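Structure file target-v1.txt with compact mmCIF, C-alpha atoms:
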# COMPACT_ATOMS: atom_id res chain seq x y z
CA MET Y 1 21.67 -24.22 246.25
CA ASN Y 2 18.33 -25.20 244.75
CA CYS Y 3 14.99 -25.80 246.48
CA GLU Y 4 15.15 -29.58 246.11
CA VAL Y 5 18.36 -29.82 248.11
CA VAL Y 6 17.08 -27.38 250.75
CA GLU Y 7 13.71 -29.12 251.15
CA ASP Y 8 15.50 -32.35 252.04
CA LYS Y 9 17.26 -30.55 254.87
CA ILE Y 10 14.32 -28.58 256.22
CA PRO Y 11 13.17 -31.28 258.69
CA ALA Y 12 16.67 -31.29 260.21
CA LEU Y 13 16.68 -27.49 260.25
CA ALA Y 14 13.31 -27.45 262.02
CA LEU Y 15 14.74 -29.77 264.68
CA GLY Y 16 17.92 -27.69 265.02
CA ALA Y 17 20.01 -30.67 263.95
CA LEU Y 18 21.95 -29.13 261.07
CA ASP Y 19 25.68 -28.74 261.59
CA ASP Y 20 27.16 -25.24 261.53
CA SER Y 21 28.76 -25.91 258.16
CA GLU Y 22 25.34 -26.22 256.48
CA LEU Y 23 23.26 -23.89 258.61
CA GLU Y 24 24.16 -20.48 257.18
CA GLU Y 25 23.76 -21.51 253.55
CA ILE Y 26 20.33 -23.08 254.15
CA LYS Y 27 19.14 -20.10 256.18
CA ALA Y 28 20.23 -17.69 253.46
CA HIS Y 29 18.24 -19.66 250.90
CA ILE Y 30 15.12 -19.79 253.06
CA LEU Y 31 15.22 -16.06 253.70
CA ALA Y 32 15.02 -15.49 249.97
CA CYS Y 33 12.61 -18.29 249.02
CA ASN Y 34 8.92 -18.17 249.97
CA LYS Y 35 8.34 -21.79 248.94
CA CYS Y 36 11.01 -23.14 251.32
CA LYS Y 37 9.88 -20.68 253.98
CA SER Y 38 6.37 -22.19 253.82
CA GLU Y 39 7.84 -25.69 253.89
CA LEU Y 40 9.75 -24.85 257.08
CA LEU Y 41 6.65 -23.36 258.62
CA SER Y 42 4.64 -26.47 257.83
CA TYR Y 43 6.65 -28.29 260.52
CA THR Y 44 5.44 -25.92 263.25
CA PRO Y 45 2.69 -28.33 264.37
CA VAL Y 46 5.32 -31.05 264.76
CA LEU Y 47 7.47 -28.85 266.99
CA ASP Y 48 4.39 -27.86 269.00
CA ALA Y 49 3.53 -31.54 269.35
CA LEU Y 50 7.03 -32.37 270.58
CA ASN Y 51 6.75 -29.56 273.14
CA LEU Y 52 3.39 -30.85 274.36
CA SER Y 53 4.21 -34.54 274.44
CA VAL Y 54 6.53 -34.49 277.46
CA ASP Y 55 5.44 -36.02 280.76
CA GLU Y 56 4.24 -33.25 283.04
CA PHE Y 57 5.81 -32.45 286.40
CA ASP Y 58 4.80 -29.93 289.03
CA LEU Y 59 6.84 -26.78 289.42
CA PRO Y 60 9.32 -27.00 292.31
CA THR Y 61 8.05 -25.69 295.64
CA GLY Y 62 8.84 -21.99 296.03
CA PHE Y 63 9.17 -21.37 292.28
CA ASN Y 64 6.86 -18.32 292.27
CA ARG Y 65 8.49 -16.82 295.35
CA ARG Y 66 11.96 -17.13 293.81
CA LEU Y 67 10.69 -15.65 290.53
CA MET Y 68 9.10 -12.68 292.29
CA LYS Y 69 12.30 -12.17 294.24
CA ARG Y 70 14.26 -12.02 291.00
CA ILE Y 71 11.99 -9.54 289.23
CA ASN Y 72 11.49 -7.37 292.29
CA PRO Y 73 12.51 -8.32 295.83
CA GLN Y 74 9.90 -5.90 297.20
CA ALA Y 75 7.20 -7.76 295.31
CA VAL Y 76 7.61 -10.79 297.55
CA LYS Y 77 6.62 -8.67 300.50
CA ASN Y 78 3.73 -7.07 298.67
CA SER Y 79 2.39 -10.14 296.97
CA ARG Y 80 -0.83 -11.44 298.39
CA GLN Y 81 -1.08 -14.23 295.88
CA GLY Y 82 -0.63 -17.55 297.62
CA GLU Y 83 1.73 -19.98 296.06
CA THR Y 84 0.43 -23.43 295.30
CA VAL Y 85 2.61 -26.01 296.87
CA GLN Y 86 2.28 -29.22 294.98
CA VAL Y 87 4.01 -32.33 296.13
CA GLN Y 88 4.06 -35.56 294.25
CA GLN Y 89 2.77 -38.40 296.35
CA SER Y 90 3.18 -42.12 295.97
CA ASN Y 91 -0.05 -44.11 295.52
CA PHE Y 92 0.17 -45.49 299.00
CA THR Y 93 0.69 -42.12 300.58
CA SER Y 94 -2.14 -40.66 298.51
CA LYS Y 95 -4.59 -43.30 299.73
CA LEU Y 96 -3.50 -42.79 303.32
CA VAL Y 97 -3.94 -39.06 302.96
CA VAL Y 98 -7.41 -39.51 301.44
CA ALA Y 99 -8.47 -41.77 304.34
CA TRP Y 100 -7.20 -39.32 306.91
CA GLY Y 101 -8.74 -36.49 304.93
CA VAL Y 102 -12.21 -38.07 305.03
CA ALA Y 103 -11.95 -38.63 308.77
CA ILE Y 104 -10.77 -35.10 309.41
CA VAL Y 105 -13.47 -33.61 307.17
CA LEU Y 106 -16.19 -35.49 309.08
CA LEU Y 107 -14.78 -34.25 312.36
CA PHE Y 108 -14.62 -30.69 311.06
CA VAL Y 109 -18.18 -30.80 309.76
CA ALA Y 110 -19.37 -31.59 313.27
CA ILE Y 111 -17.22 -28.86 314.78
CA LEU Y 112 -18.21 -26.33 312.12
CA LEU Y 113 -21.92 -26.93 312.61
CA GLY Y 114 -21.48 -26.26 316.30
CA ALA Y 115 -19.35 -23.19 315.74
CA ARG Y 116 -21.43 -21.68 312.92
CA ALA Y 117 -23.58 -19.47 315.08
CA TRP Y 118 -20.53 -18.16 316.93
CA THR Y 119 -18.71 -17.42 313.62
CA LEU Y 120 -21.66 -15.50 312.18
CA GLU Y 121 -21.84 -13.40 315.28
CA LYS Y 122 -18.09 -12.76 315.12
CA SER Y 123 -18.24 -11.80 311.41
CA LEU Y 124 -20.93 -9.25 312.11
CA ALA Y 125 -18.84 -7.84 314.93
CA GLU Y 126 -15.78 -7.63 312.66
CA GLN Y 127 -17.79 -5.91 309.94
CA HIS Y 128 -19.07 -3.47 312.53
CA ASN Y 129 -15.49 -2.78 313.68
CA TYR Y 130 -14.40 -2.40 310.07
CA ASP Y 131 -17.12 0.18 309.37
CA GLU Y 132 -16.37 1.97 312.62
CA HIS Y 133 -12.69 2.18 311.77
CA MET Y 134 -13.42 3.71 308.35
CA VAL Y 135 -15.80 6.28 309.82
CA ALA Y 136 -13.26 7.16 312.53
CA LEU Y 137 -10.56 7.68 309.92
CA MET Y 138 -12.78 9.84 307.70
CA THR Y 139 -13.95 12.03 310.55
CA SER Y 140 -10.62 12.46 312.33
CA ASP Y 141 -9.31 16.01 312.70
CA ASN Y 142 -6.09 15.42 310.79
CA VAL Y 143 -7.47 13.55 307.81
CA GLN Y 144 -6.32 14.79 304.40
CA THR Y 145 -8.72 14.69 301.46
CA LEU Y 146 -7.88 14.39 297.78
CA ASP Y 147 -10.33 14.82 294.93
CA LEU Y 148 -9.70 12.42 292.07
CA ARG Y 149 -10.31 13.28 288.44
CA ALA Y 150 -12.82 11.39 286.31
CA GLN Y 151 -11.80 10.21 282.83
CA GLY Y 152 -14.59 11.32 280.52
CA THR Y 153 -17.34 10.26 282.93
CA ASN Y 154 -19.34 11.84 285.73
CA VAL Y 155 -17.78 9.52 288.30
CA ARG Y 156 -16.60 11.33 291.39
CA ALA Y 157 -14.15 10.12 293.99
CA LYS Y 158 -12.58 11.43 297.13
CA LEU Y 159 -9.73 9.84 299.04
CA TYR Y 160 -9.56 10.30 302.81
CA LEU Y 161 -5.94 9.78 303.75
CA SER Y 162 -4.78 9.19 307.32
CA GLN Y 163 -2.29 11.67 308.76
CA ASP Y 164 0.61 9.19 308.65
CA GLY Y 165 -0.19 8.29 305.03
CA ARG Y 166 -0.52 4.59 305.82
CA GLU Y 167 -4.19 4.00 305.13
CA GLY Y 168 -7.15 5.62 303.51
CA VAL Y 169 -10.80 5.39 302.55
CA LEU Y 170 -11.94 5.92 299.00
CA MET Y 171 -15.47 7.23 298.47
CA VAL Y 172 -16.74 6.88 294.92
CA SER Y 173 -20.10 7.81 293.39
CA ASN Y 174 -21.91 7.65 290.02
CA LEU Y 175 -20.54 4.18 289.24
CA THR Y 176 -22.40 1.50 287.29
CA PRO Y 177 -23.92 -0.79 289.95
CA ASP Y 178 -23.50 -4.04 287.99
CA SER Y 179 -19.80 -3.54 287.21
CA THR Y 180 -16.79 -4.60 289.23
CA TYR Y 181 -13.93 -2.17 289.63
CA GLU Y 182 -10.26 -2.50 290.52
CA VAL Y 183 -8.20 -0.02 292.54
CA TRP Y 184 -4.56 0.15 291.42
CA LEU Y 185 -1.72 1.92 293.16
CA VAL Y 186 1.19 3.01 290.98
CA GLY Y 187 4.64 3.59 292.43
CA SER Y 188 8.24 3.61 291.30
CA ASP Y 189 8.50 -0.17 291.83
CA GLY Y 190 5.48 -0.94 289.67
CA ARG Y 191 1.76 -1.17 290.27
CA VAL Y 192 -0.25 -3.28 292.68
CA MET Y 193 -3.93 -3.99 292.86
CA ALA Y 194 -5.08 -2.65 296.21
CA ALA Y 195 -8.72 -3.77 296.10
CA THR Y 196 -11.63 -4.82 293.95
CA PHE Y 197 -15.18 -3.71 294.67
CA THR Y 198 -18.71 -3.69 293.35
CA PRO Y 199 -20.75 -0.54 294.02
CA LEU Y 200 -24.03 -0.50 295.91
CA SER Y 201 -27.27 -0.28 293.91
CA ASN Y 202 -27.12 3.54 294.13
CA GLY Y 203 -23.72 3.54 292.35
CA THR Y 204 -21.63 4.46 295.40
CA ALA Y 205 -18.80 2.58 297.06
CA ARG Y 206 -16.60 2.95 300.10
CA VAL Y 207 -13.25 1.16 299.87
CA TYR Y 208 -10.69 0.78 302.63
CA LEU Y 209 -7.07 0.90 301.45
CA ASP Y 210 -4.20 -0.29 303.59
CA PRO Y 211 -1.38 -1.49 301.32
CA GLU Y 212 1.89 -2.92 302.63
CA GLY Y 213 4.29 -0.05 303.22
CA GLY Y 214 1.48 2.51 303.32
CA LEU Y 215 -0.32 4.59 300.71
CA SER Y 216 2.27 7.35 300.79
CA LYS Y 217 4.84 5.20 298.96
CA TYR Y 218 2.67 5.34 295.84
CA GLN Y 219 2.45 8.22 293.41
CA ARG Y 220 -0.86 7.53 291.69
CA ILE Y 221 -4.17 5.83 292.23
CA ASP Y 222 -6.30 4.48 289.37
CA ILE Y 223 -9.75 2.93 289.32
CA VAL Y 224 -10.41 0.76 286.28
CA VAL Y 225 -13.27 -1.41 285.13
CA GLN Y 226 -12.32 -5.02 285.89
CA GLY Y 227 -11.00 -6.98 282.93
CA SER Y 228 -10.28 -3.90 280.82
CA SER Y 229 -7.75 -1.13 280.81
CA ARG Y 230 -10.51 1.51 280.87
CA GLN Y 231 -9.78 4.03 283.60
CA VAL Y 232 -12.71 5.72 285.28
CA ILE Y 233 -10.70 7.67 287.79
CA THR Y 234 -7.09 8.62 288.21
CA GLY Y 235 -5.34 10.91 290.64
CA ASP Y 236 -1.95 11.80 292.08
CA LEU Y 237 -1.22 10.88 295.66
CA MET V 238 -8.59 -4.45 315.48
CA LYS V 239 -6.02 -3.65 312.80
CA ARG V 240 -5.20 -7.33 312.47
CA GLU V 241 -8.86 -8.21 312.08
CA LEU V 242 -9.31 -5.56 309.41
CA ARG V 243 -6.21 -6.80 307.62
CA LYS V 244 -7.62 -10.34 307.65
CA LEU V 245 -10.96 -9.23 306.29
CA ILE V 246 -9.45 -7.27 303.44
CA ASP V 247 -6.84 -9.90 302.60
CA ASN V 248 -9.49 -12.57 302.36
CA GLU V 249 -11.66 -10.46 300.12
CA ASP V 250 -8.80 -9.33 297.92
CA SER V 251 -7.17 -12.70 297.43
CA ALA V 252 -10.47 -14.22 296.38
CA ASN V 253 -11.28 -11.35 294.03
CA GLN V 254 -7.80 -11.11 292.56
CA SER V 255 -7.36 -14.79 291.77
CA ASN V 256 -10.72 -14.74 290.02
CA SER V 257 -9.99 -11.58 288.07
CA TYR V 258 -6.55 -12.70 286.86
CA SER V 259 -7.69 -16.12 285.73
CA ASP V 260 -10.42 -14.37 283.72
CA HIS V 261 -7.93 -12.29 281.71
CA ASP V 262 -6.83 -13.50 278.31
CA ASP V 263 -3.14 -13.82 277.45
CA GLU V 264 -3.05 -10.56 275.56
CA TYR V 265 -4.38 -8.61 278.53
CA LEU V 266 -1.92 -10.35 280.86
CA LEU V 267 0.87 -9.17 278.58
CA TYR V 268 -0.53 -5.65 278.75
CA LEU V 269 -0.47 -5.87 282.56
CA ILE V 270 3.10 -7.21 282.50
CA LYS V 271 4.10 -4.17 280.47
CA GLU V 272 2.43 -2.09 283.21
CA ARG V 273 4.78 -3.87 285.69
CA ASP V 274 2.07 -5.96 287.32
CA HIS V 275 3.78 -8.84 289.14
CA GLN V 276 0.60 -10.83 289.55
CA ALA V 277 0.06 -10.95 285.80
CA LEU V 278 3.40 -12.74 285.47
CA ALA V 279 2.35 -15.10 288.27
CA GLU V 280 -0.79 -15.91 286.27
CA VAL V 281 1.34 -16.71 283.19
CA VAL V 282 3.29 -19.13 285.41
CA ASN V 283 0.03 -20.57 286.70
CA ARG V 284 -1.16 -21.23 283.13
CA TYR V 285 1.94 -22.44 281.35
CA GLY V 286 4.72 -22.80 283.93
CA ARG V 287 4.15 -26.48 284.58
CA LEU V 288 4.32 -27.38 280.89
CA ALA V 289 7.37 -25.21 280.20
CA TYR V 290 9.15 -26.59 283.28
CA SER V 291 8.39 -30.16 282.20
CA LEU V 292 9.84 -29.48 278.76
CA ALA V 293 13.02 -28.00 280.25
CA LEU V 294 13.25 -30.95 282.63
CA ARG V 295 12.88 -33.42 279.73
CA ILE V 296 15.80 -31.75 277.96
CA LEU V 297 18.09 -31.09 280.92
CA GLY V 298 17.20 -34.02 283.19
CA ASP V 299 17.86 -31.91 286.27
CA GLN V 300 15.31 -30.00 288.34
CA GLY V 301 17.70 -27.22 289.33
CA TRP V 302 18.83 -26.50 285.78
CA ALA V 303 15.26 -26.73 284.48
CA GLU V 304 14.06 -24.19 287.03
CA GLU V 305 16.94 -21.84 286.30
CA VAL V 306 16.27 -21.93 282.56
CA LEU V 307 12.54 -21.27 282.99
CA GLN V 308 13.20 -18.49 285.51
CA ASP V 309 15.58 -16.84 283.03
CA VAL V 310 12.94 -17.00 280.30
CA LEU V 311 10.28 -15.46 282.57
CA VAL V 312 12.62 -12.75 283.84
CA LYS V 313 13.41 -11.91 280.21
CA LEU V 314 9.67 -11.71 279.46
CA TRP V 315 9.27 -9.39 282.46
CA GLN V 316 12.16 -7.17 281.41
CA LYS V 317 11.32 -7.11 277.70
CA PRO V 318 7.63 -7.99 277.22
CA ASP V 319 7.77 -6.64 273.67
CA MET V 320 9.93 -9.58 272.64
CA TYR V 321 6.66 -11.54 272.48
CA ASP V 322 4.54 -10.55 269.49
CA PRO V 323 0.98 -11.97 269.69
CA LYS V 324 0.71 -11.84 265.89
CA ARG V 325 3.32 -14.54 265.63
CA GLY V 326 1.67 -17.28 267.66
CA ASP V 327 -0.03 -17.68 271.01
CA LEU V 328 1.71 -17.16 274.33
CA ARG V 329 1.87 -20.86 275.18
CA ARG V 330 3.60 -21.72 271.92
CA TRP V 331 6.02 -18.84 272.29
CA LEU V 332 6.87 -19.65 275.90
CA LEU V 333 7.48 -23.32 275.13
CA SER V 334 9.55 -22.47 272.08
CA VAL V 335 11.76 -20.01 273.94
CA THR V 336 12.11 -22.37 276.91
CA HIS V 337 13.09 -25.17 274.56
CA ASN V 338 15.76 -23.08 272.87
CA ALA V 339 17.11 -21.80 276.18
CA ALA V 340 17.27 -25.35 277.58
CA ILE V 341 19.12 -26.64 274.52
CA ASP V 342 21.55 -23.70 274.69
CA ASN V 343 22.14 -24.50 278.35
CA LEU V 344 22.68 -28.20 277.54
CA ARG V 345 25.08 -27.48 274.70
CA GLY V 346 26.93 -24.91 276.76
CA ARG V 347 27.52 -27.45 279.49
CA HIS V 348 28.82 -29.88 276.90
CA GLY V 349 31.30 -27.32 275.61
CA SER V 350 29.53 -26.48 272.34
CA GLU V 351 29.12 -22.86 271.29
CA GLN V 352 26.65 -23.58 268.50
CA LYS V 353 23.58 -21.44 269.09
CA TYR V 354 20.32 -23.27 268.82
CA GLU V 355 18.09 -21.73 266.18
CA VAL V 356 14.67 -23.22 265.75
CA GLY V 357 11.15 -22.44 266.89
CA PHE V 358 10.83 -18.83 267.94
CA GLU V 359 13.87 -17.61 266.00
CA LYS V 360 12.46 -19.14 262.88
CA PHE V 361 9.36 -16.90 263.16
CA ASP V 362 11.65 -13.92 262.66
CA ILE V 363 12.15 -14.86 259.04
CA LEU V 364 8.44 -14.40 258.39
CA PRO V 365 7.08 -11.12 257.07
CA ASP V 366 4.93 -8.99 259.38
CA GLY V 367 1.27 -9.88 259.26
CA TYR V 368 1.94 -13.44 258.13
CA GLU V 369 -0.66 -15.79 259.55
CA ASP V 370 0.33 -19.35 260.16
CA PRO V 371 -2.42 -21.52 258.65
CA SER V 372 -1.42 -24.49 260.82
CA GLU V 373 -1.50 -22.59 264.10
CA ASP V 374 -4.65 -24.16 265.48
CA VAL V 375 -3.82 -27.71 264.52
CA VAL V 376 -1.93 -28.70 267.64
CA ARG V 377 -3.84 -26.39 269.95
CA LYS V 378 -6.91 -28.50 269.34
CA LEU V 379 -5.13 -31.70 270.23
CA GLN V 380 -4.74 -32.97 273.76
CA ALA V 381 -1.35 -34.10 275.08
CA GLU V 382 -2.49 -37.73 274.98
CA GLU V 383 -3.36 -37.48 271.29
CA VAL V 384 0.01 -35.90 270.58
CA ARG V 385 1.76 -38.77 272.35
CA GLY V 386 -0.39 -41.16 270.35
CA ALA V 387 0.77 -39.53 267.11
CA LEU V 388 4.41 -39.90 268.16
CA ALA V 389 3.83 -43.58 268.88
CA LEU V 390 2.69 -44.11 265.29
CA ILE V 391 6.07 -43.49 263.66
CA PRO V 392 8.78 -46.20 263.49
CA SER V 393 11.01 -46.30 266.56
CA GLU V 394 14.27 -45.58 264.68
CA GLN V 395 12.71 -42.42 263.20
CA LYS V 396 11.35 -41.38 266.58
CA GLU V 397 14.78 -41.97 268.14
CA VAL V 398 16.63 -39.56 265.83
CA ILE V 399 13.91 -36.92 266.19
CA GLU V 400 14.06 -37.14 269.99
CA LEU V 401 17.86 -37.07 270.08
CA ALA V 402 17.80 -33.92 267.96
CA TYR V 403 14.91 -32.12 269.60
CA TYR V 404 15.32 -33.04 273.26
CA GLY V 405 19.02 -33.91 273.18
CA GLY V 406 20.17 -30.91 271.12
CA MET V 407 22.28 -33.20 268.94
CA THR V 408 23.24 -32.52 265.33
CA ILE V 409 23.01 -35.09 262.55
CA SER V 410 26.70 -35.95 262.77
CA GLN V 411 26.52 -36.38 266.55
CA ILE V 412 23.50 -38.66 266.23
CA ALA V 413 25.27 -40.68 263.56
CA LYS V 414 28.25 -41.13 265.87
CA LEU V 415 26.05 -42.12 268.80
CA THR V 416 23.84 -44.58 266.93
CA GLY V 417 26.50 -46.02 264.61
CA ALA V 418 24.39 -45.18 261.54
CA SER V 419 25.69 -43.12 258.60
CA THR V 420 24.80 -39.41 258.42
CA GLY V 421 22.78 -40.17 255.29
CA THR V 422 20.70 -42.76 257.16
CA VAL V 423 20.13 -40.35 260.07
CA LYS V 424 19.02 -37.61 257.67
CA THR V 425 16.61 -39.96 255.89
CA ARG V 426 15.10 -41.26 259.15
CA MET V 427 14.71 -37.72 260.40
CA ARG V 428 13.05 -36.51 257.20
CA LEU V 429 10.67 -39.46 256.91
CA GLY V 430 9.72 -39.29 260.61
CA MET V 431 9.07 -35.55 260.47
CA MET V 432 6.98 -35.83 257.31
CA LYS V 433 4.95 -38.66 258.79
CA LEU V 434 4.36 -36.73 262.02
CA ARG V 435 3.30 -33.66 260.07
CA GLN V 436 0.86 -35.74 258.08
CA ILE V 437 -0.63 -37.41 261.19
CA LEU V 438 -0.95 -34.15 263.11
CA THR V 439 -2.38 -32.17 260.24
CA SER V 440 -5.04 -34.77 259.51
CA SER V 441 -5.91 -35.15 263.24
CA GLY V 442 -6.17 -31.38 263.63
CA ALA V 443 -8.24 -31.02 260.52
CA SER V 444 -10.68 -33.68 261.68
CA GLU V 445 -11.37 -31.89 265.00

When written as structure tokens, how does the structure in this file appear?
Amino acid sequence: MNCEVVEDKIPALALGALDDSELEEIKAHILACNKCKSELLSYTPVLDALNLSVDEFDLPTGFNRRLMKRINPQAVKNSRQGETVQVQQSNFTSKLVVAWGVAIVLLFVAILLGARAWTLEKSLAEQHNYDEHMVALMTSDNVQTLDLRAQGTNVRAKLYLSQDGREGVLMVSNLTPDSTYEVWLVGSDGRVMAATFTPLSNGTARVYLDPEGGLSKYQRIDIVVQGSSRQVITGDL
Amino acid sequence: MKRELRKLIDNEDSANQSNSYSDHDDEYLLYLIKERDHQALAEVVNRYGRLAYSLALRILGDQGWAEEVLQDVLVKLWQKPDMYDPKRGDLRRWLLSVTHNAAIDNLRGRHGSEQKYEVGFEKFDILPDGYEDPSEDVVRKLQAEEVRGALALIPSEQKEVIELAYYGGMTISQIAKLTGASTGTVKTRMRLGMMKLRQILTSSGASE
């Protein structure tokens, strides 16, 4: 089979429209012929265009949840990522929703202004409780402590683990103040991000960890610089 | 107090995590998928799921089948992330190509055909390692509207055979039977339409 005959059939090959009877012979030629190979490749933009030209529809509601359930049923429980529920609306319904939305927003603005002072006060109280809880955990008689190893840096970290292994407080020092860090927990089911944090100006950070199922179900804890795979700390739990 | 703490941390984490994942490029997401990070896969869905689902829906015409096909593709990516090689095209192209092939296989299977669909992704396997596709950026630069505009520029009978083949999974002889045209006519329409589309797209991409 010569190139001229094959070139005529390449558009059909690119579209997957060749019958079985022709397919093997054409493929065998293309595998051995760089010119026809390039000709086939030149239709890639057309295939991309056909893929992109379809009318777009939203993913069905619950798609992510069902996917997570398939790859790891446990992940559904652990996942903190909210699923976007997108529903197609008719024009009429959309307008109605917008009108109601504006009215509700106005009402909420009024309520929020009134409640702002109360919320601020409550947030401060929660933060205070949060700090108190961490201090109580770290100073309790039965707390276990684990020193974590730095990876080629002078970063130091200590994990204060509650007696039941459910929660813990991570104290880290010698970090770069402008960077953001991620805390990853590695277990037999995979790894989950437990927290992200930015250190104080003196390079220290205190991070509360309370993953679903407890810390004791994980085997390792890693701290990495956000957006990179660079580990600054790792340690066995 | 525990519940309040939980709320505080959840709020902080969900805000931080969604930001951090959307900042990652595709290659890093793939790295995280290999590290068994579920949320990296969720971010892939967030970026390209809608487009891939729409393509599967265009081919299969049924929401349930379209979802099943896309879920299978994503589960396969989760189980064997190495099947995607970044050197051979970007993640969006790969995902759409694999979804397309899986949807056509599903369609043909339901119509009793055992012919395996072999275009797109499979075709990249015939290329030598390190080969760089010079046309890779052409379509990436174009918006969906421009692509639809390009398709509208070719004669309707050429567009019809291309769509029956690409979205309908039909072979030349099946299209000939359906349209009442000879196989030779179908082949010619297909070839002329594809060449014209290639010309339009390449010149649009080059002018970006």

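Among Y:Thr204, Y:Gln144, Y:Ser216, Y:Asn72, the residue with the shortest atom-to-atom distance to Arg166 in chain Y, counting only C-alpha atoms, is Y:Ser216.
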
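Near range 297-307 of chain V, within a cut-off of 7 Å and counting only C-alpha atoms, sit the residues Tyr290, Ala293, Leu294, Val310, Leu311, Thr336, Ala339, Ala340 and Leu344 of chain V, with same-chain residues fewer than 3 positions away left out.
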
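The smallest atom-to-atom distance between Glu400 in chain V and any of V:Leu278, V:Asn343, V:Pro318, V:Ile412, using only C-alpha atoms, is found for V:Ile412.
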
Spatial neighbours of Tyr43 in chain Y, max dist 8 Å, only C-alpha atoms, sep filter under 6 positions, as number ranges by chain: Y: 11, 14; V: 431, 435

Store the residues of this selection in a file with C-alpha atoms, as a PDB file, in the frame of the given file.
ATOM      1  CA  PRO Y  11      13.170 -31.280 258.690  1.00  0.00           C
ATOM      2  CA  ALA Y  14      13.310 -27.450 262.020  1.00  0.00           C
TER       3      ALA Y  14
ATOM      4  CA  MET V 431       9.070 -35.550 260.470  1.00  0.00           C
ATOM      5  CA  ARG V 435       3.300 -33.660 260.070  1.00  0.00           C
TER       6      ARG V 435
END

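Between CA of Trp315 in chain V and CA of Arg65 in chain Y the interatomic distance comes to 14.9 Å.
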
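With all atoms listed in the file taken into account, the protein and nucleic acid residues at most 12 Å from Gln226 in chain Y (excluding it and anything under 4 positions from it in its own chain) are Asp178, Ser179, Thr180, Tyr181, Glu182, Val183, Trp184, Met193, Ala195, Thr196, Phe197, Thr198, Asp222, Arg230, Gln231 and Val232 of chain Y; Asn253, Gln254, Asn256, Ser257, Tyr258, Asp260, His261 and Tyr265 of chain V.
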
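Comparing the minimum interatomic distances between chain Y and each of V:Leu328, V:Val423, V:Leu288, V:Leu266, counting only C-alpha atoms, we find that V:Leu288 sits nearest.
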
Quick one: which residues from chain Y are at most 8 Å off chain V, using only C-alpha atoms, as an mmCIF file with C-alpha atoms, in the coordinates of the input?
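Produced file result15.cif, reproduced below:
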data_model
loop_
_atom_site.group_PDB
_atom_site.id
_atom_site.type_symbol
_atom_site.label_atom_id
_atom_site.label_comp_id
_atom_site.auth_asym_id
_atom_site.auth_seq_id
_atom_site.Cartn_x
_atom_site.Cartn_y
_atom_site.Cartn_z
ATOM 1 C CA ASP Y 8 15.500 -32.350 252.040
ATOM 2 C CA LYS Y 9 17.260 -30.550 254.870
ATOM 3 C CA PRO Y 11 13.170 -31.280 258.690
ATOM 4 C CA ALA Y 12 16.670 -31.290 260.210
ATOM 5 C CA LEU Y 13 16.680 -27.490 260.250
ATOM 6 C CA ALA Y 14 13.310 -27.450 262.020
ATOM 7 C CA LEU Y 15 14.740 -29.770 264.680
ATOM 8 C CA GLY Y 16 17.920 -27.690 265.020
ATOM 9 C CA ALA Y 17 20.010 -30.670 263.950
ATOM 10 C CA LEU Y 18 21.950 -29.130 261.070
ATOM 11 C CA ASP Y 19 25.680 -28.740 261.590
ATOM 12 C CA ASP Y 20 27.160 -25.240 261.530
ATOM 13 C CA LEU Y 31 15.220 -16.060 253.700
ATOM 14 C CA LYS Y 37 9.880 -20.680 253.980
ATOM 15 C CA LEU Y 41 6.650 -23.360 258.620
ATOM 16 C CA SER Y 42 4.640 -26.470 257.830
ATOM 17 C CA TYR Y 43 6.650 -28.290 260.520
ATOM 18 C CA THR Y 44 5.440 -25.920 263.250
ATOM 19 C CA PRO Y 45 2.690 -28.330 264.370
ATOM 20 C CA VAL Y 46 5.320 -31.050 264.760
ATOM 21 C CA LEU Y 47 7.470 -28.850 266.990
ATOM 22 C CA ASP Y 48 4.390 -27.860 269.000
ATOM 23 C CA ALA Y 49 3.530 -31.540 269.350
ATOM 24 C CA LEU Y 50 7.030 -32.370 270.580
ATOM 25 C CA ASN Y 51 6.750 -29.560 273.140
ATOM 26 C CA LEU Y 52 3.390 -30.850 274.360
ATOM 27 C CA SER Y 53 4.210 -34.540 274.440
ATOM 28 C CA VAL Y 54 6.530 -34.490 277.460
ATOM 29 C CA ASP Y 55 5.440 -36.020 280.760
ATOM 30 C CA GLU Y 56 4.240 -33.250 283.040
ATOM 31 C CA PHE Y 57 5.810 -32.450 286.400
ATOM 32 C CA ASP Y 58 4.800 -29.930 289.030
ATOM 33 C CA LEU Y 59 6.840 -26.780 289.420
ATOM 34 C CA PRO Y 60 9.320 -27.000 292.310
ATOM 35 C CA PHE Y 63 9.170 -21.370 292.280
ATOM 36 C CA ASN Y 64 6.860 -18.320 292.270
ATOM 37 C CA LEU Y 67 10.690 -15.650 290.530
ATOM 38 C CA MET Y 68 9.100 -12.680 292.290
ATOM 39 C CA ARG Y 70 14.260 -12.020 291.000
ATOM 40 C CA ILE Y 71 11.990 -9.540 289.230
ATOM 41 C CA ALA Y 75 7.200 -7.760 295.310
ATOM 42 C CA SER Y 79 2.390 -10.140 296.970
ATOM 43 C CA ARG Y 80 -0.830 -11.440 298.390
ATOM 44 C CA GLN Y 81 -1.080 -14.230 295.880
ATOM 45 C CA GLU Y 126 -15.780 -7.630 312.660
ATOM 46 C CA ASN Y 129 -15.490 -2.780 313.680
ATOM 47 C CA TYR Y 130 -14.400 -2.400 310.070
ATOM 48 C CA GLY Y 190 5.480 -0.940 289.670
ATOM 49 C CA ARG Y 191 1.760 -1.170 290.270
ATOM 50 C CA VAL Y 192 -0.250 -3.280 292.680
ATOM 51 C CA ALA Y 194 -5.080 -2.650 296.210
ATOM 52 C CA ALA Y 195 -8.720 -3.770 296.100
ATOM 53 C CA THR Y 196 -11.630 -4.820 293.950
ATOM 54 C CA ASP Y 210 -4.200 -0.290 303.590
ATOM 55 C CA GLN Y 226 -12.320 -5.020 285.890
ATOM 56 C CA GLY Y 227 -11.000 -6.980 282.930
ATOM 57 C CA SER Y 228 -10.280 -3.900 280.820
#
